[in-house]
Amino acid sequence: MEIIIEEIGRNKKLLARHKFLTNKVTLGRGYNNSVILSDPHICPEHLSIEFDGENWLVKDNNSINGSFLAESKQNADQHIIHSGDIIRLGKSFIRIILPNHPVESTVPFSFFEGLIDFLRKPLIIAFNIAFFTLIAGLMFYLNQPSDVNFTQVIVRAIGITLMFATWPVMIALISHFNKHEARIVTQLAVSFAFFNLMWFSDVFESIVAFNLSANWSLDNLIALVPIALAFLMIWLNCYIGFHMSKRKRTIIALSITTVLFGGGYMIQLSKQPDFSVLPNYDATIMNPVFKFAPSSSVDEFIEDTNRLFEKTAKEAQKNKE
């Protein structure tokens with residue numbers, strides 16, 4: 001008779017799977033068992049699972065810590081097994097599957113799989129990392145108040161790139177430690193593609209802020225673009241590295257995004273200076289080609305202002321009459 005024994009974690013994550021064609025399966029720390037478990041709270045011959053001709057039965061071999069059904073305190077000894085039953089031995093869990101146990105429907109390849117396959121091509125990865133390094137060096141150069149040499153720019157750009165690379169590497173390590181594939185190359189490919197999109201979103205946000213009033217609602221709407229990109233990147237990181245439901249993946253991505261941007265926003269608020277009646281000087285110079293509409297000259301501005309005052313004066317005179 002066939003039977004499948006799965007070793008699972010506390011969150012029901014599959015750790016190992018064993019299939020037997022026999023009428024008896026033994027479990028324990030002893031090396032003579034069908035399934036050898038390393039949990040020190042399990043006895044050398046902890047329990048056996050036997051087929052009586054009609055049903056599979058659990059038999060606890062007078063173990064010290066006992067055998068129980070799932071998280072409950074119900075003794076598993078002499079329990080008639082149904083496919084999918086979970087038994088707790090010490091601090092370990094096993095799930096018993098019978099051959100006729102239904103399986104979930106096959107998951108078709110999604111749009112994200114095609115996107116990931118495209119981004120993980122060697123040339124695309126090299127381009128994204130090189131482009132990120134170039135932009136990082138350029139931003140460092142433009143933000144320096146004093147002259148810097150080429151070596152300083154290169155060292156700082158590489159340092160920033162390595163710092164940002166710690167994110168996908170960390171996700172890959174967490175995935176590996178949770179018994180999943182690390183897929184570090186894929187994590188690097190997706191992360192740096194989104195890092196570059198965030199550079200573009202910053203440029204676009206600056207262009208919009210330069211051309212529009214700070215109080216206009218679109219200015220705040222554009223500021224949500226990098227937040228949306230960060231959420232999608234983290235969502236894909238979880239999609240690549242972990243087997244979890246869409247709901248759980250969305251909750252994790254949303255939580256991390258909220259912590260990152262919410263924490264940064266709170267830090268920014270705490271650093272804002274007290275109100276000052278003096279105007280703040282901003283020496284930032286932007287290329288006029290960034291403007292959506294051409295600017296007017298000083299003379300044109302004065303003429304437009306005078307016409308506006310004249311129009312206002314005429315309307316005020318009419319109201320008096």
# chains A, B, ... in the order shown; residues from 1 in each chain; ligands from 1

call {"tool": "select_by_dssp", "arguments": {"residues": "stretch 140-205 of chain A", "states": "helix (DSSP H, G or I)", "output": "VMD selection string"}}
result
chain A and resid 140 to 142 150 to 177 184 to 205

call {"tool": "residues_around", "arguments": {"residues": "A:Thr258", "least_positions_apart": "6", "cutoff": "10 Å", "atoms": "only C-alpha atoms", "output": "VMD selection string"}}
result
chain A and resid 227 230 to 231 252 264

call {"tool": "atom_distance", "arguments": {"atom1": "atom CA of A:Leu224", "atom2": "atom CA of A:Ala193"}}
result
18.3 Å

call {"tool": "closest_residue", "arguments": {"among": "A:Phe164, A:Phe192, A:Trp199, A:Phe93", "to": "A:Met233", "atoms": "only C-alpha atoms"}}
result
A:Phe192

call {"tool": "atom_distance", "arguments": {"atom1": "atom CA of A:Val185", "atom2": "atom CA of A:Met198"}}
result
20.1 Å

call {"tool": "decode", "arguments": {"residues": "stretch 172-213 of chain A", "atoms": "N, CA and C atoms", "output": "compact mmCIF listing (two decimals), in the first residue's frame"}}
result
# COMPACT_ATOMS: atom_id res chain seq x y z
N ALA A 172 17.46 37.13 -1.45
CA ALA A 172 17.88 35.80 -1.90
C ALA A 172 18.34 34.93 -0.73
N LEU A 173 19.06 35.52 0.22
CA LEU A 173 19.52 34.76 1.39
C LEU A 173 18.35 34.32 2.26
N ILE A 174 17.39 35.22 2.48
CA ILE A 174 16.20 34.87 3.27
C ILE A 174 15.45 33.73 2.58
N SER A 175 15.35 33.81 1.26
CA SER A 175 14.68 32.76 0.50
C SER A 175 15.41 31.42 0.66
N HIS A 176 16.74 31.48 0.61
CA HIS A 176 17.54 30.26 0.75
C HIS A 176 17.37 29.64 2.14
N PHE A 177 17.40 30.48 3.17
CA PHE A 177 17.27 29.98 4.54
C PHE A 177 15.87 29.42 4.82
N ASN A 178 14.89 29.81 3.99
CA ASN A 178 13.53 29.29 4.14
C ASN A 178 13.26 28.13 3.19
N LYS A 179 14.33 27.48 2.76
CA LYS A 179 14.23 26.27 1.93
C LYS A 179 13.63 26.53 0.55
N HIS A 180 13.87 27.74 0.01
CA HIS A 180 13.46 28.05 -1.35
C HIS A 180 14.71 28.29 -2.20
N GLU A 181 14.52 28.39 -3.49
CA GLU A 181 15.65 28.73 -4.36
C GLU A 181 16.06 30.18 -4.14
N ALA A 182 17.36 30.41 -4.04
CA ALA A 182 17.85 31.78 -3.81
C ALA A 182 17.59 32.67 -5.03
N ARG A 183 17.89 32.18 -6.23
CA ARG A 183 17.68 32.91 -7.49
C ARG A 183 18.26 34.33 -7.39
N ILE A 184 19.50 34.42 -6.95
CA ILE A 184 20.12 35.72 -6.70
C ILE A 184 20.27 36.53 -7.98
N VAL A 185 20.59 35.87 -9.10
CA VAL A 185 20.74 36.60 -10.37
C VAL A 185 19.42 37.23 -10.78
N THR A 186 18.33 36.48 -10.63
CA THR A 186 17.01 37.01 -10.98
C THR A 186 16.62 38.16 -10.06
N GLN A 187 16.93 38.04 -8.78
CA GLN A 187 16.62 39.12 -7.83
C GLN A 187 17.40 40.38 -8.19
N LEU A 188 18.67 40.23 -8.55
CA LEU A 188 19.47 41.39 -8.96
C LEU A 188 18.89 42.03 -10.22
N ALA A 189 18.50 41.20 -11.18
CA ALA A 189 17.98 41.72 -12.45
C ALA A 189 16.72 42.55 -12.22
N VAL A 190 15.78 42.02 -11.46
CA VAL A 190 14.51 42.73 -11.23
C VAL A 190 14.74 43.99 -10.41
N SER A 191 15.55 43.89 -9.36
CA SER A 191 15.75 45.03 -8.46
C SER A 191 16.40 46.21 -9.18
N PHE A 192 17.46 45.95 -9.95
CA PHE A 192 18.14 47.07 -10.61
C PHE A 192 17.31 47.65 -11.75
N ALA A 193 16.47 46.86 -12.36
CA ALA A 193 15.56 47.41 -13.37
C ALA A 193 14.61 48.42 -12.72
N PHE A 194 14.12 48.11 -11.53
CA PHE A 194 13.22 49.03 -10.84
C PHE A 194 13.97 50.19 -10.21
N PHE A 195 15.21 49.98 -9.80
CA PHE A 195 16.01 51.10 -9.29
C PHE A 195 16.17 52.15 -10.38
N ASN A 196 16.40 51.70 -11.62
CA ASN A 196 16.55 52.65 -12.73
C ASN A 196 15.23 53.35 -13.04
N LEU A 197 14.13 52.64 -12.94
CA LEU A 197 12.83 53.28 -13.14
C LEU A 197 12.59 54.35 -12.08
N MET A 198 13.10 54.12 -10.88
CA MET A 198 12.96 55.13 -9.82
C MET A 198 13.79 56.37 -10.13
N TRP A 199 14.96 56.20 -10.78
CA TRP A 199 15.74 57.37 -11.22
C TRP A 199 14.88 58.20 -12.18
N PHE A 200 14.27 57.53 -13.15
CA PHE A 200 13.44 58.24 -14.13
C PHE A 200 12.25 58.91 -13.45
N SER A 201 11.66 58.25 -12.47
CA SER A 201 10.52 58.85 -11.77
C SER A 201 10.94 60.11 -11.02
N ASP A 202 12.16 60.12 -10.47
CA ASP A 202 12.66 61.32 -9.79
C ASP A 202 12.83 62.47 -10.76
N VAL A 203 13.37 62.17 -11.95
CA VAL A 203 13.54 63.22 -12.97
C VAL A 203 12.18 63.76 -13.41
N PHE A 204 11.24 62.85 -13.64
CA PHE A 204 9.90 63.27 -14.06
C PHE A 204 9.22 64.10 -12.99
N GLU A 205 9.39 63.71 -11.73
CA GLU A 205 8.80 64.47 -10.63
C GLU A 205 9.40 65.87 -10.55
N SER A 206 10.70 65.97 -10.79
CA SER A 206 11.36 67.29 -10.76
C SER A 206 10.85 68.18 -11.89
N ILE A 207 10.66 67.60 -13.08
CA ILE A 207 10.14 68.37 -14.21
C ILE A 207 8.74 68.89 -13.92
N VAL A 208 7.89 68.02 -13.37
CA VAL A 208 6.53 68.43 -13.05
C VAL A 208 6.52 69.51 -11.98
N ALA A 209 7.35 69.32 -10.93
CA ALA A 209 7.40 70.31 -9.85
C ALA A 209 7.92 71.66 -10.35
N PHE A 210 8.80 71.64 -11.37
CA PHE A 210 9.37 72.89 -11.90
C PHE A 210 8.34 73.66 -12.72
N ASN A 211 7.43 72.94 -13.34
CA ASN A 211 6.47 73.57 -14.25
C ASN A 211 5.11 73.85 -13.64
N LEU A 212 4.81 73.23 -12.52
CA LEU A 212 3.48 73.36 -11.94
C LEU A 212 3.55 73.99 -10.56
N SER A 213 2.42 74.51 -10.12
CA SER A 213 2.33 75.07 -8.78
C SER A 213 2.50 73.97 -7.75
